[in-house]
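What follows is the content of input18.txt, which has compact mmCIF, C-alpha atoms:
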```
# COMPACT_ATOMS: atom_id res chain seq x y z
CA MET A 18 -64.43 45.02 11.44
CA ASN A 19 -63.18 48.09 9.55
CA ASN A 20 -60.01 48.05 7.49
CA ARG A 21 -57.88 49.67 10.28
CA ASN A 22 -58.86 46.95 12.77
CA ARG A 23 -57.98 44.23 10.20
CA LEU A 24 -54.53 45.74 9.61
CA MET A 25 -53.33 45.40 13.24
CA PRO A 26 -53.34 41.57 13.48
CA ILE A 27 -51.67 41.37 10.05
CA LEU A 28 -48.88 43.74 11.20
CA LEU A 29 -48.39 41.77 14.43
CA ALA A 30 -48.18 38.52 12.46
CA LEU A 31 -45.58 40.02 10.11
CA VAL A 32 -43.44 41.21 13.08
CA GLY A 33 -43.64 37.72 14.61
CA VAL A 34 -42.60 36.00 11.41
CA GLY A 35 -39.75 38.49 11.03
CA LEU A 36 -38.48 37.78 14.53
CA ILE A 37 -38.45 34.06 13.88
CA ALA A 38 -36.84 34.36 10.45
CA PHE A 39 -34.14 36.92 11.25
CA GLY A 40 -33.74 36.43 15.00
CA SER A 41 -30.33 34.79 14.68
CA VAL A 42 -28.84 37.78 12.92
CA GLY A 43 -30.11 40.63 14.89
CA SER A 44 -32.80 40.08 17.43
CA VAL A 45 -32.35 40.42 21.16
CA LEU A 46 -33.61 36.92 21.96
CA PRO A 47 -30.61 34.88 20.74
CA ARG A 48 -28.19 37.10 22.68
CA GLN A 49 -30.20 36.50 25.82
CA LEU A 50 -30.13 32.81 25.03
CA ALA A 51 -26.37 32.88 24.63
CA ASP A 52 -26.03 34.65 27.98
CA LEU A 53 -28.25 32.04 29.51
CA LEU A 54 -26.18 29.20 28.06
CA LYS A 55 -23.12 30.55 29.83
CA TRP A 56 -24.74 29.58 33.10
CA LEU A 57 -25.55 26.05 32.01
CA PRO A 58 -23.10 23.22 32.92
CA VAL A 59 -20.65 22.52 30.08
CA PRO A 60 -17.94 19.78 29.73
CA VAL A 61 -14.74 20.65 31.58
CA GLN A 62 -11.87 21.57 29.23
CA ALA A 63 -9.77 18.39 28.91
CA VAL A 64 -6.34 18.44 30.52
CA LYS A 65 -3.65 18.18 27.84
CA TYR A 66 -0.59 15.98 28.18
CA PRO A 67 2.07 17.50 25.88
CA ASP A 68 4.81 15.30 27.36
CA ALA A 69 2.98 11.99 26.94
CA SER A 70 4.45 9.06 25.05
CA ILE A 71 2.36 6.88 22.79
CA MET A 72 1.97 3.11 22.97
CA PHE A 73 0.17 1.37 20.14
CA LEU A 74 -0.89 -1.78 21.96
CA GLU A 75 -1.97 -4.56 19.63
CA GLU A 76 -1.81 -8.24 18.86
CA ALA A 77 0.64 -8.12 15.95
CA SER A 78 -0.68 -11.37 14.56
CA GLU A 79 -4.08 -9.66 14.23
CA ARG A 80 -2.68 -6.41 12.94
CA ASP A 81 -5.19 -4.07 11.37
CA MET A 82 -4.03 -3.33 7.81
CA ASP A 83 -5.09 0.32 8.00
CA PHE A 84 -2.99 0.73 11.15
CA ALA A 85 -0.09 -1.00 9.38
CA MET A 86 -0.28 1.74 6.72
CA VAL A 87 -0.13 4.42 9.45
CA ILE A 88 3.11 3.12 10.98
CA ALA A 89 4.55 2.68 7.48
CA ASN A 90 3.85 6.35 6.76
CA LYS A 91 7.22 8.08 7.02
CA SER A 92 5.69 11.56 7.06
CA PHE A 93 3.66 10.58 10.09
CA THR A 94 6.45 8.83 12.01
CA ASP A 95 8.85 11.67 11.17
CA SER A 96 6.27 14.15 12.45
CA LEU A 97 6.15 12.27 15.76
CA THR A 98 9.91 12.62 16.03
CA ALA A 99 9.70 16.30 15.07
CA ARG A 100 7.20 16.81 17.88
CA SER A 101 9.52 14.93 20.30
CA ILE A 102 6.87 12.26 20.81
CA GLU A 103 8.27 8.87 21.78
CA TRP A 104 6.22 5.98 20.43
CA ARG A 105 6.23 2.20 20.36
CA VAL A 106 4.23 -0.57 18.81
CA LEU A 107 3.89 -3.19 21.51
CA ASP A 108 2.50 -6.68 21.15
CA ASP A 109 0.06 -7.45 23.95
CA ASP A 110 1.73 -10.85 24.53
CA GLN A 111 5.14 -9.37 25.18
CA ALA A 112 6.48 -9.30 28.73
CA GLU A 113 6.96 -5.55 28.33
CA ALA A 114 3.19 -5.16 27.90
CA ALA A 115 2.18 -7.14 31.00
CA GLU A 116 1.68 -4.09 33.23
CA LEU A 117 -0.17 -2.16 30.52
CA MET A 118 -2.51 -5.07 29.90
CA LYS A 119 -3.68 -4.82 33.54
CA VAL A 120 -5.13 -1.38 32.90
CA ALA A 121 -5.76 -1.23 29.14
CA LYS A 122 -7.40 -3.25 26.43
CA SER A 123 -5.78 -4.37 23.21
CA PRO A 124 -5.87 -3.03 20.57
CA SER A 125 -5.66 0.58 21.66
CA MET A 126 -3.63 3.75 21.34
CA LEU A 127 -2.40 4.68 24.79
CA PHE A 128 -1.05 8.02 25.91
CA VAL A 129 1.28 7.15 28.75
CA LYS A 130 3.76 8.59 31.20
CA PRO A 131 6.74 6.21 31.51
CA LEU A 132 7.55 5.41 35.14
CA GLY A 133 10.63 3.29 34.46
CA GLY A 134 11.06 -0.24 33.14
CA SER A 135 7.74 -1.57 31.92
CA GLN A 136 5.70 0.63 34.30
CA TYR A 137 3.49 3.33 32.84
CA GLU A 138 0.77 5.67 33.99
CA VAL A 139 -1.98 5.60 31.37
CA LEU A 140 -3.13 9.17 30.78
CA ALA A 141 -5.65 8.57 28.02
CA THR A 142 -6.86 5.73 25.87
CA ARG A 143 -8.09 5.89 22.29
CA SER A 144 -8.84 3.34 19.59
CA ILE A 145 -6.09 2.20 17.22
CA PRO A 146 -6.00 4.83 14.44
CA LYS A 147 -6.89 3.83 10.90
CA SER A 148 -5.19 6.81 9.27
CA SER A 149 -2.45 9.27 10.15
CA LYS A 150 -5.08 12.03 10.05
CA GLU A 151 -7.08 10.19 12.72
CA ALA A 152 -3.91 9.63 14.77
CA ASN A 153 -2.98 13.30 14.55
CA ALA A 154 -6.48 14.33 15.64
CA MET A 155 -6.13 12.12 18.73
CA ILE A 156 -2.69 13.56 19.46
CA ALA A 157 -4.06 17.10 19.17
CA GLU A 158 -6.97 16.24 21.42
CA VAL A 159 -4.94 14.55 24.16
CA MET A 160 -1.56 16.25 23.92
CA GLY A 161 -2.52 19.59 22.44
CA LEU A 162 0.21 19.22 19.80
CA MET B 13 5.35 -26.29 19.87
CA ILE B 14 8.33 -25.06 17.86
CA ARG B 15 10.66 -27.84 16.85
CA ARG B 16 14.36 -27.21 17.32
CA VAL B 17 16.73 -27.63 14.39
CA SER B 18 20.32 -28.82 14.45
CA LEU B 19 23.08 -28.45 11.89
CA ASP B 20 22.59 -32.15 11.03
CA ASP B 21 19.23 -31.24 9.48
CA TYR B 22 21.07 -29.48 6.62
CA ILE B 23 23.40 -30.12 3.71
CA GLU B 24 26.32 -27.70 3.69
CA GLN B 25 26.60 -25.51 0.61
CA ASP B 26 28.69 -22.40 0.15
CA ASP B 27 28.57 -21.12 -3.43
CA ILE B 28 30.58 -18.28 -4.91
CA VAL B 29 28.78 -16.36 -7.68
CA ASP B 30 30.80 -13.90 -9.76
CA GLY B 31 33.24 -13.67 -6.87
CA LEU B 32 30.52 -13.08 -4.26
CA ARG B 33 29.95 -15.51 -1.40
CA THR B 34 26.54 -16.85 -0.56
CA GLY B 35 26.59 -19.34 2.31
CA LEU B 36 23.10 -20.72 2.79
CA TRP B 37 22.71 -24.39 3.70
CA LEU B 38 20.09 -26.62 2.13
CA PRO B 39 17.59 -28.32 4.45
CA ARG B 40 17.40 -32.11 4.08
CA LYS B 41 13.66 -31.74 4.51
CA ARG B 42 11.70 -28.50 4.16
CA PRO B 43 11.64 -27.13 7.72
CA GLU B 44 8.29 -26.10 9.16
CA VAL B 45 9.72 -24.87 12.42
CA TYR B 46 7.52 -21.81 12.79
CA PRO B 47 3.74 -21.50 12.35
CA SER B 48 2.40 -20.37 8.99
CA VAL B 49 1.73 -16.65 8.72
CA ALA B 50 -1.74 -17.69 7.54
CA THR B 51 -2.48 -18.75 11.13
CA ALA B 52 -1.70 -15.22 12.23
CA ILE B 53 -2.66 -12.48 9.78
CA LYS B 54 -5.44 -12.43 7.22
CA ILE B 55 -4.02 -13.38 3.85
CA LEU B 56 -5.25 -10.74 1.44
CA ASP B 57 -6.64 -11.27 -2.04
CA LEU B 58 -4.84 -9.68 -4.98
CA GLU B 59 -7.34 -6.83 -5.36
CA THR B 60 -6.92 -5.80 -1.70
CA ILE B 61 -3.15 -6.07 -2.03
CA LYS B 62 -3.25 -3.78 -5.06
CA ARG B 63 -5.43 -1.27 -3.20
CA LEU B 64 -3.11 -1.21 -0.19
CA ILE B 65 0.02 -0.89 -2.33
CA ALA B 66 -1.56 2.20 -3.90
CA SER B 67 -2.49 3.70 -0.52
CA PRO B 68 -1.09 7.24 -0.21
CA GLU B 69 -0.72 6.54 3.49
CA ARG B 70 2.15 4.11 2.89
CA THR B 71 5.79 5.10 2.24
CA PRO B 72 7.87 2.71 0.09
CA ALA B 73 10.46 0.87 2.17
CA ILE B 74 13.32 2.14 0.01
CA GLU B 75 12.46 5.66 1.25
CA ARG B 76 11.97 4.53 4.84
CA PHE B 77 15.28 2.66 4.83
CA PRO B 78 17.67 4.61 2.58
CA ALA B 79 20.41 2.42 1.15
CA LYS B 80 23.35 4.49 2.33
CA VAL B 81 22.24 4.04 5.92
CA TRP B 82 20.84 0.52 5.78
CA ILE B 83 22.73 -1.59 3.23
CA ARG B 84 25.59 -3.75 4.49
CA ASN B 85 28.24 -6.04 2.97
CA GLN B 86 28.94 -9.55 4.24
CA GLY B 87 32.35 -9.32 2.57
CA ARG B 88 34.38 -12.51 2.25
CA ARG B 89 32.24 -14.54 4.64
CA GLY B 90 29.41 -16.98 4.01
CA SER B 91 27.22 -15.05 6.43
CA CYS B 92 24.22 -14.24 4.22
CA ALA B 93 21.73 -15.80 6.64
CA GLY B 94 23.13 -13.78 9.53
CA TYR B 95 23.06 -10.57 7.49
CA ALA B 96 19.53 -11.16 6.23
CA ALA B 97 18.30 -11.74 9.77
CA ALA B 98 20.18 -8.75 11.19
CA GLY B 99 18.74 -6.47 8.49
CA ALA B 100 15.19 -7.71 9.02
CA LEU B 101 15.34 -7.31 12.80
CA SER B 102 16.99 -3.88 12.59
CA ARG B 103 14.23 -2.68 10.25
CA CYS B 104 11.52 -4.25 12.37
CA ARG B 105 12.81 -2.37 15.40
CA VAL B 106 12.60 1.01 13.68
CA ALA B 107 9.16 0.16 12.28
CA SER B 108 8.09 -0.54 15.87
CA GLY B 109 9.21 2.89 17.03
CA LEU B 110 12.55 1.81 18.49
CA PRO B 111 15.74 3.81 17.93
CA PHE B 112 17.91 2.94 14.94
CA GLN B 113 20.48 0.31 15.79
CA MET B 114 22.06 -1.75 13.05
CA LEU B 115 22.60 -5.27 14.32
CA SER B 116 25.54 -7.46 13.47
CA GLY B 117 25.23 -10.19 10.84
CA GLU B 118 28.56 -11.60 12.02
CA PHE B 119 27.32 -12.02 15.59
CA ILE B 120 24.30 -14.03 14.43
CA TYR B 121 26.39 -16.04 11.96
CA SER B 122 28.90 -16.97 14.67
CA MET B 123 26.14 -18.75 16.60
CA CYS B 124 24.95 -20.82 13.65
CA ASN B 125 27.96 -21.94 11.61
CA GLY B 126 29.36 -24.75 13.75
CA GLY B 127 32.58 -22.84 14.32
CA ARG B 128 33.63 -22.62 10.66
CA ASP B 129 33.15 -20.07 7.90
CA ARG B 130 31.21 -22.45 5.69
CA GLY B 131 27.73 -20.90 5.67
CA SER B 132 24.71 -21.52 7.91
CA PRO B 133 20.97 -22.36 7.85
CA THR B 134 18.25 -19.72 8.16
CA GLU B 135 16.13 -21.40 10.83
CA MET B 136 18.97 -21.47 13.31
CA THR B 137 19.55 -17.74 12.96
CA TRP B 138 16.01 -17.12 14.19
CA GLN B 139 16.37 -19.59 17.02
CA LYS B 140 19.52 -17.85 18.19
CA ILE B 141 18.02 -14.37 17.83
CA GLU B 142 15.13 -15.47 20.04
CA GLU B 143 17.40 -17.13 22.62
CA VAL B 144 20.50 -14.94 22.71
CA GLY B 145 19.66 -11.85 20.64
CA ALA B 146 21.80 -9.92 18.18
CA ALA B 147 24.62 -7.58 19.17
CA PRO B 148 24.90 -4.05 17.74
CA GLU B 149 27.32 -4.00 14.81
CA GLY B 150 29.52 -1.44 16.56
CA LEU B 151 30.51 -4.10 19.09
CA VAL B 152 31.50 -6.71 16.49
CA GLN B 153 34.44 -6.79 14.12
CA HIS B 154 33.46 -6.94 10.43
CA GLU B 155 34.00 -10.41 8.90
CA SER B 156 34.58 -12.10 12.25
CA TYR B 157 32.74 -15.42 12.38
CA LEU B 158 33.69 -17.35 15.50
CA TRP B 159 31.68 -17.19 18.72
CA LYS B 160 34.92 -16.89 20.68
CA GLN B 161 35.67 -13.69 18.74
CA MET B 162 32.52 -12.07 20.13
CA SER B 163 33.33 -9.82 23.08
CA GLU B 164 31.67 -10.05 26.47
CA ALA B 165 30.18 -6.62 25.84
CA ALA B 166 28.62 -7.81 22.57
CA ARG B 167 27.20 -10.95 24.20
CA LYS B 168 25.69 -8.91 27.05
CA ALA B 169 24.28 -6.26 24.72
CA ALA B 170 22.62 -8.89 22.52
CA ALA B 171 19.99 -9.62 25.17
CA ALA B 172 18.38 -6.26 24.42
CA PHE B 173 17.89 -7.08 20.72
CA LYS B 174 15.64 -10.08 20.23
CA ALA B 175 13.01 -11.04 17.69
CA TRP B 176 9.38 -11.41 18.62
CA GLU B 177 6.99 -13.83 16.92
CA CYS B 178 8.29 -15.47 13.79
CA PHE B 179 6.05 -16.86 11.06
CA ARG B 180 6.61 -19.03 8.02
CA ILE B 181 5.87 -17.72 4.52
CA ASP B 182 4.81 -20.24 1.87
CA SER B 183 3.26 -18.25 -1.00
CA ALA B 184 3.33 -14.94 -2.89
CA LEU B 185 0.07 -13.74 -1.32
CA GLU B 186 1.37 -14.59 2.15
CA MET B 187 4.57 -12.69 1.46
CA ALA B 188 2.69 -9.63 0.15
CA SER B 189 0.20 -9.70 3.04
CA ALA B 190 2.97 -9.94 5.62
CA LEU B 191 4.88 -7.06 4.04
CA LEU B 192 1.77 -4.88 3.94
CA ALA B 193 1.21 -5.70 7.61
CA ASN B 194 4.66 -4.18 8.16
CA PHE B 195 6.39 -7.48 8.84
CA PHE B 196 9.97 -8.04 7.63
CA ILE B 197 11.05 -11.19 5.86
CA VAL B 198 14.06 -13.41 5.33
CA ALA B 199 13.75 -15.40 2.09
CA VAL B 200 15.93 -17.53 -0.15
CA VAL B 201 17.04 -16.99 -3.75
CA HIS B 202 19.21 -18.97 -6.09
CA ALA B 203 22.13 -16.65 -6.81
CA SER B 204 23.59 -17.08 -10.30
CA SER B 205 25.10 -14.89 -13.03
CA ALA B 206 21.59 -14.28 -14.39
CA TYR B 207 20.40 -13.27 -10.92
CA ARG B 208 23.23 -10.74 -10.62
CA ARG B 209 21.88 -8.74 -13.58
CA VAL B 210 19.13 -6.14 -13.05
CA ASP B 211 16.97 -4.56 -15.73
CA ALA B 212 16.08 -0.87 -16.09
CA ARG B 213 13.34 -1.23 -13.48
CA GLY B 214 15.70 -2.88 -11.01
CA VAL B 215 14.27 -6.39 -11.49
CA ARG B 216 16.79 -9.20 -11.24
CA GLY B 217 17.24 -11.77 -13.99
CA ARG B 218 15.19 -14.92 -13.65
CA SER B 219 17.07 -17.49 -11.59
CA ARG B 220 15.35 -20.67 -10.53
CA GLY B 221 17.19 -23.26 -8.49
CA ARG B 222 17.18 -25.00 -5.13
CA GLY B 223 18.33 -21.86 -3.28
CA ASN B 224 21.81 -20.91 -2.07
CA HIS B 225 21.55 -17.35 -0.71
CA ALA B 226 19.54 -15.71 2.06
CA ILE B 227 18.22 -12.18 1.53
CA GLY B 228 15.88 -9.78 3.27
CA VAL B 229 12.54 -8.72 1.75
CA GLN B 230 11.13 -5.38 2.86
CA ASP B 231 8.41 -4.30 0.43
CA VAL B 232 6.06 -5.20 -2.40
CA ARG B 233 5.01 -3.29 -5.52
CA LEU B 234 3.13 -3.91 -8.76
CA SER B 235 4.85 -4.30 -12.12
CA PRO B 236 3.44 -2.33 -15.09
CA ASP B 237 1.46 -5.45 -16.05
CA GLY B 238 0.03 -5.81 -12.53
CA LYS B 239 2.24 -8.58 -11.13
CA LEU B 240 3.70 -8.58 -7.62
CA GLU B 241 7.35 -7.65 -7.27
CA PHE B 242 9.24 -7.97 -4.00
CA ASN B 243 11.94 -5.64 -2.75
CA GLU B 244 15.15 -7.50 -1.95
CA VAL B 245 17.57 -6.30 0.71
CA GLY B 246 21.00 -7.53 -0.37
CA SER B 247 24.16 -8.04 1.70
CA TRP B 248 26.79 -7.40 -0.95
CA GLY B 249 27.12 -3.64 -0.48
CA LEU B 250 25.86 -0.68 -2.51
CA GLN B 251 27.34 -1.95 -5.80
CA ASN B 252 24.93 -4.88 -5.80
CA GLY B 253 21.60 -4.41 -7.62
CA ILE B 254 20.55 -0.76 -7.46
CA ASP B 255 22.28 0.71 -4.39
CA GLY B 256 22.06 -2.67 -2.70
CA TYR B 257 18.36 -3.16 -3.36
CA ALA B 258 16.63 -5.02 -6.23
CA TRP B 259 13.22 -6.38 -7.20
CA LEU B 260 12.25 -10.05 -7.44
CA THR B 261 9.25 -11.96 -8.74
CA TRP B 262 7.64 -15.00 -7.18
CA ASP B 263 7.84 -17.22 -10.25
CA GLY B 264 11.28 -16.00 -11.31
CA HIS B 265 13.01 -16.23 -7.94
CA PHE B 266 11.01 -17.72 -5.08
CA GLU B 267 8.74 -20.40 -6.52
CA SER B 268 11.59 -22.90 -6.84
CA THR B 269 13.47 -22.05 -3.63
CA VAL B 270 10.40 -22.17 -1.40
CA GLN B 271 10.03 -25.85 -2.25
CA GLY B 272 13.07 -26.72 -0.14
CA HIS B 273 13.44 -23.73 2.17
CA ALA B 274 11.04 -21.94 4.48
CA PHE B 275 10.91 -18.15 4.45
CA TYR B 276 10.35 -16.25 7.70
CA ALA B 277 8.58 -13.06 8.74
CA ILE B 278 8.95 -11.18 12.02
CA SER B 279 6.32 -8.82 13.33
CA ASN B 280 8.03 -7.00 16.16
CA ALA B 281 11.18 -6.72 18.22
CA SER B 282 11.64 -7.55 21.86
CA GLY B 283 14.16 -6.79 24.55
CA ASP B 284 14.45 -3.04 25.12
CA LEU B 285 10.97 -1.74 24.52
CA ALA B 286 10.72 0.45 27.60
CA LEU B 287 10.24 4.12 26.82
CA ALA B 288 12.62 6.66 28.24
CA VAL B 289 11.59 8.14 31.58
```
Represent the structure from my file as structure tokens, please.
Amino acid sequence: MNNRNRLMPILLALVGVGLIAFGSVGSVLPRQLADLLKWLPVPVQAVKYPDASIMFLEEASERDMDFAMVIANKSFTDSLTARSIEWRVLDDDQAEAAELMKVAKSPSMLFVKPLGGSQYEVLATRSIPKSSKEANAMIAEVMGL
Amino acid sequence: MIRRVSLDDYIEQDDIVDGLRTGLWLPRKRPEVYPSVATAIKILDLETIKRLIASPERTPAIERFPAKVWIRNQGRRGSCAGYAAAGALSRCRVASGLPFQMLSGEFIYSMCNGGRDRGSPTEMTWQKIEEVGAAPEGLVQHESYLWKQMSEAARKAAAAFKAWECFRIDSALEMASALLANFFIVAVVHASSAYRRVDARGVRGRSRGRGNHAIGVQDVRLSPDGKLEFNEVGSWGLQNGIDGYAWLTWDGHFESTVQGHAFYAISNASGDLALAV
């Protein structure tokens, strides 16, 4: 093989390596891939409940200390008020929790729609938060606030 | 099963210290009416308590319950036990997400004093709060003390303000653990002239005795040398302590009184927990 014939496979190899290395910044292939992904099934955008109230359902005699810090955090509880979010800490043994306990597990953070008295529609359920940051992330996710 | 108490289980005492009334009766035998808090929450070791006290997540109770809004004065009556219970339950409600409603120490006292202004026991205040509830202070005249003075409106309203789950506190670690769990406590001190004095850090003078005055306890902190100090909620107005609050130590104030009295912690309120529709 003369030198010109040797050069062609080397050039092709270099182009291939270049496509792989720099494809994400400029090649055609990733854009095609992105277009393709648009047609693939994706999770449905969650419905937000900006008017939900929050029930922290727990057994107070087994209270998680990290959660205790969250409800003792004035900045957090004040921020709930500022966002017009009603909230309660409810012991799962209390009569007021009887209806909730039929549809939810304790401990949990429930996003509910009050229906009157001790009746609630549970809109979403999350775990009891261990920090105000975690609680706020859940509120943003479920309520969009 | 919770054992009931009667007024016969107590020795009447009604001390006046520097012109201020106390009004807490002495149990003939240390009452163990409610289950130990150790049967309920995990009692923390000192290192964990120190870590949690330092948590940036937690707001000191004095900031959560500013004195000008929360401190009350029992005035000329021996109603300390009623006031301590009313303050603890009112705080517990707000800490549970319920709207602010200061409850009446007089209303509770009127159910526990045998129809005289001669003081009352602590255990009976809790029994009555669980059975009858506590009326909002706006429905009760200040310094009233007879059940017959309580209006029908106050008696009806009381049903919406009850305590939920009461536990007994027997040690400093139990008290600190309960406070960090966001429980609120009624405890007993021995009020004296030494007790009335507070140092630059707000710590009351050492006062050991059999116990003659009920107070609320709402928080715990560490002293500069790493000892636990407990935040007292007084019922002698804003002139008492520092704006009505003060700090106490276990060995200087509680170690002697807990021998004859039981202290109590409540975890939640009951009665009107339904959210607005």
Worksheet item: Which is closer to Thr34 of chain B than all the others in B:Glu142, B:Glu164, B:Glu149, B:Asp129, using only C-alpha atoms?
Response: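 That would be B:Asp129, the residue with the smallest distance to Thr34 of chain B.
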Practice prompt. Kindly determine which residues of chain B lie within 6 Å of chain A, considering only C-alpha atoms, and give the answer as a ChimeraX atom specification.
Written response: /B:52-53,69-71,108-109,193-194,286,289
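For the pair atom CA of Gly90 of chain B and atom CA of Asp27 of chain B, the interatomic distance is 8.6 Å.
Separating atom CA of Gly228 of chain B from atom CA of Met136 of chain B is a distance of 15.7 Å.
The interatomic distance for the pair atom CA of Leu127 of chain A and atom CA of Glu158 of chain A works out to 12.9 Å.
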Discussion item. Can you pull out the residues contacting Ser123 of chain A? Cut-off 8 Å, using only C-alpha atoms, and skip same-chain residues under 4 positions away; I want them as a list in words.
Written reply: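 The filter keeps Leu74, Glu75, Glu76, Asp109 and Met118 of chain A.
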Discussion item. With all atoms listed in the file as the counted atoms, please give the residues lying no more than 8 Å from Trp159 of chain B, apart from itself and same-chain residues fewer than 4 positions off, as a ChimeraX atom specification.
Written reply: /B:119,122-123,127
Worksheet item: Of the candidates B:Lys80, B:Arg213, B:His202, B:Arg180, which shows the shortest atom-to-atom distance to Leu38 of chain B, using all atoms listed in the file?
Response: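 Counting all atoms listed in the file, the residue closest to Leu38 of chain B is B:His202.
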Worksheet entry | Test item: residues at most 9 Å from Asn224 of chain B, all atoms listed in the file, excluding those fewer than 3 positions along its chain, as a list in words |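 Result of the neighbour search: Gln25, Asp26, Asp27, Thr34, Gly35, Leu36, Trp37, Leu38, Val200, Val201, His202, Ala203, Gly221 and Thr269 of chain B.
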